[in-house]
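Text of data-v2.txt, listed as compact mmCIF, C-alpha atoms:
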```txt
# COMPACT_ATOMS: atom_id res chain seq x y z
CA MET N 23 -12.73 26.33 26.28
CA LYS N 24 -14.48 23.45 28.02
CA ALA N 25 -15.10 21.70 24.69
CA SER N 26 -11.45 22.13 23.80
CA ARG N 27 -10.33 20.52 27.07
CA GLU N 28 -12.74 17.63 26.51
CA ASP N 29 -11.42 17.10 22.98
CA THR N 30 -7.84 17.09 24.28
CA SER N 31 -8.76 14.60 27.00
CA LEU N 32 -10.42 12.33 24.43
CA LEU N 33 -7.36 12.46 22.18
CA THR N 34 -5.13 11.63 25.13
CA ARG N 35 -7.25 8.65 26.24
CA ARG N 36 -7.28 7.25 22.72
CA PHE N 37 -3.64 7.86 21.85
CA LEU N 38 -1.62 7.20 24.99
CA PRO N 39 -2.40 3.48 25.50
CA ALA N 40 -2.02 2.63 21.80
CA PRO N 41 1.81 2.64 21.57
CA LEU N 42 1.89 0.11 24.40
CA TYR N 43 0.02 -2.54 22.42
CA VAL N 44 3.28 -3.94 21.09
CA LEU N 45 4.31 -4.40 24.73
CA ARG N 46 0.93 -5.97 25.46
CA GLY N 47 1.61 -8.32 22.57
CA ALA N 48 4.96 -9.32 24.07
CA LEU N 49 3.40 -9.92 27.49
CA PHE N 50 0.56 -11.91 25.89
CA LEU N 51 3.12 -14.12 24.15
CA ARG N 52 4.95 -14.62 27.41
CA ALA N 53 1.75 -15.67 29.16
CA HIS N 54 0.58 -18.07 26.43
CA ARG N 55 3.35 -20.52 25.69
CA GLU N 56 1.20 -22.37 23.17
CA LEU N 57 1.94 -19.47 20.79
CA TRP N 58 5.70 -19.86 21.08
CA LYS N 59 5.92 -22.61 18.49
CA TYR N 60 4.33 -20.27 15.95
CA ALA N 61 6.49 -17.30 16.99
CA THR N 62 9.78 -19.16 16.57
CA ALA N 63 9.54 -19.04 12.78
CA PRO N 64 9.25 -15.21 12.52
CA LEU N 65 12.03 -14.94 15.11
CA ALA N 66 14.30 -17.25 13.12
CA ILE N 67 13.51 -15.37 9.91
CA SER N 68 14.33 -12.07 11.63
CA ILE N 69 17.69 -13.39 12.80
CA VAL N 70 18.56 -14.75 9.35
CA VAL N 71 17.54 -11.56 7.51
CA LEU N 72 19.24 -9.15 9.90
CA GLY N 73 22.30 -11.35 10.44
CA GLY N 74 22.64 -12.05 6.74
CA SER N 75 22.35 -8.36 5.88
CA TYR N 76 25.05 -7.48 8.38
CA VAL N 77 27.43 -10.21 7.19
CA LEU N 78 26.97 -9.15 3.56
CA LEU N 79 27.52 -5.45 4.24
CA TYR N 80 30.42 -6.22 6.56
CA HIS N 81 32.05 -8.26 3.79
CA VAL N 82 31.62 -5.39 1.31
CA PHE N 83 32.93 -2.90 3.87
CA SER N 84 35.96 -5.07 4.63
CA LYS N 85 36.81 -5.32 0.94
CA LEU N 86 36.63 -1.56 0.52
CA MET N 87 38.36 -0.53 3.75
CA GLY N 88 40.41 -3.60 4.69
CA HIS N 89 43.69 -2.13 3.43
CA MET N 90 43.61 0.26 6.41
CA VAL N 91 44.33 -2.61 8.79
CA ASN N 92 47.82 -2.94 7.32
CA GLU N 93 48.57 0.77 7.68
CA GLN N 94 49.63 2.81 10.72
CA TRP N 95 47.75 2.56 14.00
CA TYR N 96 45.64 5.65 13.30
CA TRP N 97 44.38 4.06 10.06
CA GLN N 98 43.50 0.94 12.01
CA ALA N 99 41.73 3.05 14.62
CA LEU N 100 39.78 4.83 11.87
CA TYR N 101 38.84 1.45 10.39
CA TYR N 102 37.31 0.22 13.64
CA VAL N 103 35.54 3.53 14.24
CA LEU N 104 34.02 3.34 10.76
CA LEU N 105 33.12 -0.30 11.37
CA ALA N 106 31.26 0.70 14.55
CA VAL N 107 29.45 3.46 12.65
CA VAL N 108 28.47 1.06 9.87
CA THR N 109 27.17 -1.39 12.46
CA VAL N 110 24.95 1.26 14.06
CA VAL N 111 23.70 2.40 10.66
CA ILE N 112 22.81 -1.15 9.67
CA LEU N 113 21.04 -1.88 12.93
CA VAL N 114 19.13 1.41 13.09
CA ALA N 115 18.84 3.14 9.71
CA PHE N 116 17.93 -0.04 7.81
CA PHE N 117 15.52 -1.40 10.41
CA PHE N 118 12.47 -0.64 8.28
CA LEU N 119 13.80 -2.52 5.27
CA PHE N 120 14.76 -5.43 7.54
CA THR N 121 11.33 -5.63 9.19
CA LEU N 122 9.60 -5.24 5.83
CA ILE N 123 11.45 -8.20 4.31
CA ALA N 124 11.30 -10.34 7.45
CA SER N 125 7.61 -9.66 7.99
CA ALA N 126 6.79 -10.52 4.38
CA LEU N 127 8.65 -13.82 4.64
CA ALA N 128 6.99 -14.59 7.97
CA SER N 129 3.50 -13.64 6.79
CA PRO N 130 2.00 -17.19 6.85
CA PHE N 131 3.24 -17.72 10.42
CA ASN N 132 2.05 -14.26 11.44
CA GLU N 133 -1.44 -15.11 10.24
CA VAL N 134 -1.49 -18.22 12.42
CA ILE N 135 -0.24 -16.23 15.45
CA SER N 136 -2.97 -13.64 14.91
CA GLN N 137 -5.69 -16.25 14.52
CA LYS N 138 -4.59 -18.21 17.61
CA THR N 139 -4.42 -14.98 19.62
CA GLU N 140 -7.97 -14.10 18.63
CA GLU N 141 -9.18 -17.57 19.52
CA ILE N 142 -7.61 -17.32 22.98
CA VAL N 143 -9.12 -13.87 23.62
CA THR N 144 -12.61 -14.55 22.28
CA GLY N 145 -12.88 -18.24 23.07
CA THR N 146 -14.19 -18.78 19.55
CA PHE N 147 -12.40 -21.27 17.34
CA HIS N 148 -12.75 -21.04 13.58
CA GLU N 149 -12.36 -24.27 11.70
CA ALA N 150 -13.53 -23.24 8.24
CA PRO N 151 -13.47 -25.99 5.57
CA PHE N 152 -10.42 -25.78 3.33
CA SER N 153 -11.03 -24.33 -0.12
CA VAL N 154 -8.33 -23.77 -2.72
CA VAL N 155 -10.45 -21.10 -4.42
CA LEU N 156 -10.98 -19.15 -1.20
CA LEU N 157 -7.31 -19.54 -0.27
CA VAL N 158 -6.20 -18.12 -3.62
CA LYS N 159 -8.72 -15.26 -3.45
CA ASP N 160 -7.87 -14.38 0.16
CA SER N 161 -4.13 -14.55 -0.45
CA GLY N 162 -4.41 -12.52 -3.63
CA ARG N 163 -6.44 -9.81 -1.91
CA ALA N 164 -4.03 -9.59 1.03
CA ILE N 165 -0.98 -9.44 -1.25
CA ALA N 166 -2.62 -6.80 -3.47
CA HIS N 167 -3.41 -4.65 -0.43
CA SER N 168 0.16 -5.03 0.85
CA PHE N 169 1.65 -3.88 -2.46
CA ARG N 170 -0.87 -1.05 -2.67
CA ILE N 171 -0.04 0.35 0.76
CA LEU N 172 3.67 -0.12 0.07
CA GLY N 173 3.34 1.79 -3.20
CA LEU N 174 1.46 4.63 -1.51
CA TYR N 175 4.05 4.70 1.26
CA LEU N 176 6.96 4.97 -1.18
CA VAL N 177 5.24 7.64 -3.30
CA LEU N 178 4.37 9.79 -0.28
CA LEU N 179 7.84 9.29 1.19
CA ALA N 180 9.36 10.42 -2.10
CA CYS N 181 7.09 13.48 -2.08
CA ALA N 182 8.13 14.21 1.52
CA MET N 183 11.73 14.44 0.33
CA LEU N 184 10.79 17.84 -1.10
CA PHE N 185 10.96 19.07 2.49
CA LEU N 186 14.72 18.61 2.27
CA LEU N 187 14.82 21.57 -0.12
CA ILE N 188 13.66 23.87 2.67
CA PRO N 189 16.67 25.44 4.40
CA GLY N 190 16.98 24.97 8.14
CA ILE N 191 13.92 22.93 9.08
CA GLY N 192 13.66 20.79 5.95
CA ALA N 193 15.40 17.77 7.46
CA LEU N 194 13.22 17.94 10.57
CA LEU N 195 10.02 18.14 8.50
CA PHE N 196 11.14 15.16 6.43
CA ALA N 197 11.94 13.15 9.57
CA VAL N 198 8.50 13.92 11.04
CA ALA N 199 6.73 13.06 7.77
CA GLY N 200 8.74 9.84 7.46
CA ALA N 201 7.89 8.83 11.03
CA LEU N 202 4.16 9.45 10.48
CA LEU N 203 4.11 7.55 7.19
CA SER N 204 6.08 4.65 8.66
CA SER N 205 3.79 4.54 11.70
CA TYR N 206 0.73 4.26 9.47
CA LYS N 207 2.44 1.59 7.37
CA PHE N 208 3.27 -0.46 10.46
CA ALA N 209 -0.27 -0.11 11.80
CA PHE N 210 -1.80 -1.13 8.47
CA GLU N 211 0.43 -4.18 8.26
CA TYR N 212 -0.08 -5.57 11.75
CA LEU N 213 -3.78 -4.76 11.93
CA GLY N 214 -4.13 -6.34 8.52
CA TYR N 215 -4.18 -9.96 9.70
CA PRO N 216 -7.54 -9.84 11.54
CA MET N 217 -8.95 -7.60 8.79
CA ASP N 218 -7.88 -10.02 6.05
CA ARG N 219 -9.43 -12.91 8.00
CA ARG N 220 -12.72 -11.02 7.81
CA ARG N 221 -12.14 -10.43 4.09
CA PHE N 222 -12.15 -6.65 4.44
CA SER N 223 -12.03 -4.84 1.13
CA TRP N 224 -9.60 -1.97 0.61
CA GLN N 225 -12.41 0.47 1.39
CA ASP N 226 -13.40 -1.50 4.50
CA LYS N 227 -9.83 -1.23 5.78
CA ARG N 228 -9.69 2.49 5.10
CA THR N 229 -12.97 3.00 6.94
CA PHE N 230 -11.80 0.98 9.94
CA LEU N 231 -8.42 2.74 10.14
CA LYS N 232 -10.10 6.13 9.78
CA SER N 233 -12.62 5.40 12.53
CA GLY N 234 -9.87 4.73 15.07
CA PHE N 235 -7.22 6.92 13.48
CA ILE N 236 -5.74 8.28 16.73
CA SER N 237 -5.31 4.81 18.23
CA ILE N 238 -4.06 3.46 14.90
CA MET N 239 -1.32 6.09 14.67
CA GLY N 240 -0.38 5.56 18.31
CA PHE N 241 -0.04 1.83 17.71
CA GLY N 242 2.05 2.42 14.60
CA LEU N 243 4.30 4.87 16.44
CA GLY N 244 4.90 2.32 19.19
CA ASN N 245 5.87 -0.22 16.55
CA LEU N 246 8.19 2.28 14.90
CA VAL N 247 10.03 2.95 18.15
CA VAL N 248 10.42 -0.71 19.10
CA ALA N 249 11.44 -1.76 15.59
CA SER N 250 14.24 0.81 15.61
CA ILE N 251 15.92 -0.60 18.73
CA PRO N 252 18.81 -2.94 17.83
CA VAL N 253 18.49 -6.56 19.06
CA VAL N 254 15.01 -5.81 20.48
CA ASN N 255 13.71 -5.59 16.92
CA LEU N 256 14.55 -9.27 16.46
CA PHE N 257 11.60 -10.07 18.74
CA PHE N 258 9.42 -7.29 17.35
CA ILE N 259 7.37 -9.03 14.67
CA PRO N 260 5.46 -11.63 16.77
CA ALA N 261 4.75 -9.03 19.47
CA ALA N 262 3.47 -6.56 16.86
CA VAL N 263 1.21 -9.21 15.30
CA VAL N 264 -0.32 -10.08 18.68
CA GLY N 265 -0.55 -6.40 19.65
CA GLY N 266 -2.30 -5.53 16.40
CA THR N 267 -4.80 -8.35 16.90
CA LEU N 268 -5.53 -7.22 20.46
CA LEU N 269 -6.01 -3.62 19.33
CA PHE N 270 -8.33 -4.70 16.52
CA LEU N 271 -10.49 -6.65 18.96
CA ASP N 272 -10.56 -3.70 21.38
CA LEU N 273 -11.64 -1.34 18.60
CA GLN N 274 -14.52 -3.64 17.66
CA PRO N 275 -16.30 -4.25 20.97
CA THR N 276 -19.70 -4.79 19.34
CA GLU N 277 -18.31 -7.70 17.33
CA ASN N 278 -16.74 -9.26 20.41
CA ASN N 279 -19.96 -9.01 22.40
CA SER N 280 -22.17 -10.43 19.67
```

Please re-express this file's structure in structure tokens.
Amino acid sequence: MKASREDTSLLTRRFLPAPLYVLRGALFLRAHRELWKYATAPLAISIVVLGGSYVLLYHVFSKLMGHMVNEQWYWQALYYVLLAVVTVVILVAFFFLFTLIASALASPFNEVISQKTEEIVTGTFHEAPFSVVLLVKDSGRAIAHSFRILGLYLVLLACAMLFLLIPGIGALLFAVAGALLSSYKFAFEYLGYPMDRRRFSWQDKRTFLKSGFISIMGFGLGNLVVASIPVVNLFFIPAAVVGGTLLFLDLQPTENNS
């Protein structure tokens, strides 16, 4: 019984602070204005991607449902109710697709934000000589890992859809599985910048994520929650990048002390 209580306490200490790292990232950005010039690009990309998606879908919706505006008042009322529903769906249900696209487009800026954050925290500045060969190899490895984790995510998510065949609790099981998979995907993505800078192989990344799995999942869950909040998710990406860098450094204390 005592061992069980100790295990539960350990899980709690590891998991509970982790979802707050995205908030830590936001506070870190607020305190270090020198990072703002790098964060403006991901923010602008987020606004363009989300705003553009909404305008496009609104245009399609208006074409399909616009005839209601010229009908009786109850058809007009239905139109605006449906418009409100579509707006909520776009802002919430499609948040993952939005963050996926925006984060991919902002990847070069995210890397700079992560590196500058690490330099501020550790006081160590890395000015490695430029090499086209290393740049191509590093970029290729990072892109390959991103597509690999995305492929695994989509395959597992498709498999999780089998839960929907279970009467009663199937939808709940699918929602839980989707949340866990999305949390891991978020964690992998935003912890990936410091790992890629260290040229971690795929196996190195798996080992690192497995060693701090409870904290990793907590961090990913925090990202999932914040990214699903309309308007707030516009500012999500830079905060998640900084938060992931801070968590990585906290999970590797021996490296930081060497």

Please determine an axis-aligned box that encloses all atoms of range 45-57 of chain N listed in the file, with 4 Å added on each side, and express its centre and edge lengths in Å to one decimal as lines of an AutoDock Vina configuration file.
```
center_x = 2.8
center_y = -13.4
center_z = 25.0
size_x = 12.4
size_y = 26.0
size_z = 16.4
```

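Counting from CA of Lys207 in chain N, the distance to CA of Ile188 in chain N is 25.4 Å.
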
Contacts of range 230-270 of chain N with range 50-63 of chain N up to 10 Å, shortest pair per row, only C-alpha atoms, as JSON lines:
```
{"residue": "N:Phe257", "atom": "CA", "partner": "N:Ala61", "partner_atom": "CA", "distance": 9.0}
{"residue": "N:Ile259", "atom": "CA", "partner": "N:Ala61", "partner_atom": "CA", "distance": 8.6}
{"residue": "N:Pro260", "atom": "CA", "partner": "N:Ala61", "partner_atom": "CA", "distance": 5.8}
{"residue": "N:Ala261", "atom": "CA", "partner": "N:Leu51", "partner_atom": "CA", "distance": 7.1}
{"residue": "N:Val263", "atom": "CA", "partner": "N:Ala61", "partner_atom": "CA", "distance": 9.8}
{"residue": "N:Val264", "atom": "CA", "partner": "N:Phe50", "partner_atom": "CA", "distance": 7.5}
{"residue": "N:Gly265", "atom": "CA", "partner": "N:Phe50", "partner_atom": "CA", "distance": 8.4}
{"residue": "N:Leu268", "atom": "CA", "partner": "N:Phe50", "partner_atom": "CA", "distance": 9.4}
```

Find the residues of range 149-223 of chain N that sit at most 10 Å from range 231-237 of chain N; for each, write down the nearest two atoms and how far apart they are in Å, to one decimal. Count all atoms listed in the file. Sort by chain, then by number going up, and give it as JSON lines.
```
{"residue": "N:Tyr206", "atom": "CA", "partner": "N:Phe235", "partner_atom": "CA", "distance": 9.3}
{"residue": "N:Ala209", "atom": "CA", "partner": "N:Leu231", "partner_atom": "CA", "distance": 8.8}
{"residue": "N:Phe210", "atom": "CA", "partner": "N:Leu231", "partner_atom": "CA", "distance": 7.8}
{"residue": "N:Leu213", "atom": "CA", "partner": "N:Leu231", "partner_atom": "CA", "distance": 9.0}
```

Nearby residues (only C-alpha atoms) at most 7 Å from Leu243 in chain N, same-chain spacing under 3 positions excluded, as an MDAnalysis selection string: chainID N and resid 41 205 239:240 246:247

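Across the model, the gap from CA of Thr267 in chain N to CA of Tyr212 in chain N is 7.5 Å.
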
Best match for closeness to Pro64 in chain N among N:Gly173, N:Pro216, N:Gly47, N:Pro130, counting all atoms listed in the file: N:Pro130

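Among N:Leu45, N:Ala197, N:Val143, N:Val177, the residue with the shortest atom-to-atom distance to Phe270 in chain N, counting only C-alpha atoms, is N:Val143.
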
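Nearest residue to Ser129 in chain N among N:Leu174, N:Leu78, N:Leu195, N:Leu65 is N:Leu65, counting all atoms listed in the file.
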
Counting only C-alpha atoms, the residue of N:Met183, N:Val77, N:Ala201, N:Ala128 that sits nearest Asn245 in chain N: N:Ala201

Residue among N:Ser223, N:Gln274, N:Gly73, N:Ile251 lying closest to Ala166 in chain N, counting only C-alpha atoms: N:Ser223

Counting all atoms listed in the file, the option among N:Leu202, N:Ile69, N:Leu273, N:Leu184 closest to Ser125 in chain N: N:Ile69

Å distance separating CA of Tyr215 in chain N from CA of Ala126 in chain N, one decimal place: 12.2 Å

Residues near Ala199 in chain N, cut-off 12 Å, all atoms listed in the file, skip fewer than 3 positions along chain, as an mmCIF file with C-alpha atoms, in the coordinates of the input:
```cif
data_model
loop_
_atom_site.group_PDB
_atom_site.id
_atom_site.type_symbol
_atom_site.label_atom_id
_atom_site.label_comp_id
_atom_site.auth_asym_id
_atom_site.auth_seq_id
_atom_site.Cartn_x
_atom_site.Cartn_y
_atom_site.Cartn_z
ATOM 1 C CA TYR N 175 4.050 4.700 1.260
ATOM 2 C CA LEU N 178 4.370 9.790 -0.280
ATOM 3 C CA LEU N 179 7.840 9.290 1.190
ATOM 4 C CA ALA N 180 9.360 10.420 -2.100
ATOM 5 C CA CYS N 181 7.090 13.480 -2.080
ATOM 6 C CA ALA N 182 8.130 14.210 1.520
ATOM 7 C CA MET N 183 11.730 14.440 0.330
ATOM 8 C CA LEU N 184 10.790 17.840 -1.100
ATOM 9 C CA PHE N 185 10.960 19.070 2.490
ATOM 10 C CA LEU N 186 14.720 18.610 2.270
ATOM 11 C CA GLY N 192 13.660 20.790 5.950
ATOM 12 C CA ALA N 193 15.400 17.770 7.460
ATOM 13 C CA LEU N 194 13.220 17.940 10.570
ATOM 14 C CA LEU N 195 10.020 18.140 8.500
ATOM 15 C CA PHE N 196 11.140 15.160 6.430
ATOM 16 C CA LEU N 202 4.160 9.450 10.480
ATOM 17 C CA LEU N 203 4.110 7.550 7.190
ATOM 18 C CA SER N 204 6.080 4.650 8.660
ATOM 19 C CA SER N 205 3.790 4.540 11.700
ATOM 20 C CA TYR N 206 0.730 4.260 9.470
#
```

Would you mind putting N, CA and C atoms back on range 55-68 of chain N and writing the result as a PDB file, keeping the file's coordinate frame?
```
ATOM      1  N   ARG N  55       2.231 -19.791  26.289  1.00  0.00           N
ATOM      2  CA  ARG N  55       3.350 -20.520  25.690  1.00  0.00           C
ATOM      3  C   ARG N  55       2.930 -21.346  24.476  1.00  0.00           C
ATOM      4  N   GLU N  56       1.633 -21.603  24.329  1.00  0.00           N
ATOM      5  CA  GLU N  56       1.200 -22.370  23.170  1.00  0.00           C
ATOM      6  C   GLU N  56       1.436 -21.597  21.864  1.00  0.00           C
ATOM      7  N   LEU N  57       1.661 -20.282  21.974  1.00  0.00           N
ATOM      8  CA  LEU N  57       1.940 -19.470  20.790  1.00  0.00           C
ATOM      9  C   LEU N  57       3.417 -19.475  20.407  1.00  0.00           C
ATOM     10  N   TRP N  58       4.252 -19.946  21.316  1.00  0.00           N
ATOM     11  CA  TRP N  58       5.700 -19.860  21.080  1.00  0.00           C
ATOM     12  C   TRP N  58       6.125 -20.644  19.854  1.00  0.00           C
ATOM     13  N   LYS N  59       5.507 -21.790  19.636  1.00  0.00           N
ATOM     14  CA  LYS N  59       5.920 -22.610  18.490  1.00  0.00           C
ATOM     15  C   LYS N  59       5.628 -21.919  17.163  1.00  0.00           C
ATOM     16  N   TYR N  60       4.623 -21.031  17.162  1.00  0.00           N
ATOM     17  CA  TYR N  60       4.330 -20.270  15.950  1.00  0.00           C
ATOM     18  C   TYR N  60       5.243 -19.044  15.843  1.00  0.00           C
ATOM     19  N   ALA N  61       5.663 -18.510  16.980  1.00  0.00           N
ATOM     20  CA  ALA N  61       6.490 -17.300  16.990  1.00  0.00           C
ATOM     21  C   ALA N  61       7.955 -17.593  16.680  1.00  0.00           C
ATOM     22  N   THR N  62       8.367 -18.848  16.821  1.00  0.00           N
ATOM     23  CA  THR N  62       9.780 -19.160  16.570  1.00  0.00           C
ATOM     24  C   THR N  62      10.163 -18.960  15.106  1.00  0.00           C
ATOM     25  N   ALA N  63       9.233 -19.202  14.206  1.00  0.00           N
ATOM     26  CA  ALA N  63       9.540 -19.040  12.780  1.00  0.00           C
ATOM     27  C   ALA N  63       9.814 -17.579  12.423  1.00  0.00           C
ATOM     28  N   PRO N  64       8.921 -16.618  12.792  1.00  0.00           N
ATOM     29  CA  PRO N  64       9.250 -15.210  12.520  1.00  0.00           C
ATOM     30  C   PRO N  64      10.538 -14.767  13.207  1.00  0.00           C
ATOM     31  N   LEU N  65      10.801 -15.297  14.409  1.00  0.00           N
ATOM     32  CA  LEU N  65      12.030 -14.940  15.110  1.00  0.00           C
ATOM     33  C   LEU N  65      13.248 -15.449  14.340  1.00  0.00           C
ATOM     34  N   ALA N  66      13.187 -16.692  13.880  1.00  0.00           N
ATOM     35  CA  ALA N  66      14.300 -17.250  13.120  1.00  0.00           C
ATOM     36  C   ALA N  66      14.511 -16.491  11.810  1.00  0.00           C
ATOM     37  N   ILE N  67      13.417 -16.138  11.148  1.00  0.00           N
ATOM     38  CA  ILE N  67      13.510 -15.370   9.910  1.00  0.00           C
ATOM     39  C   ILE N  67      14.145 -14.009  10.168  1.00  0.00           C
ATOM     40  N   SER N  68      13.762 -13.370  11.272  1.00  0.00           N
ATOM     41  CA  SER N  68      14.330 -12.070  11.630  1.00  0.00           C
ATOM     42  C   SER N  68      15.836 -12.178  11.834  1.00  0.00           C
TER      43      SER N  68
END
```
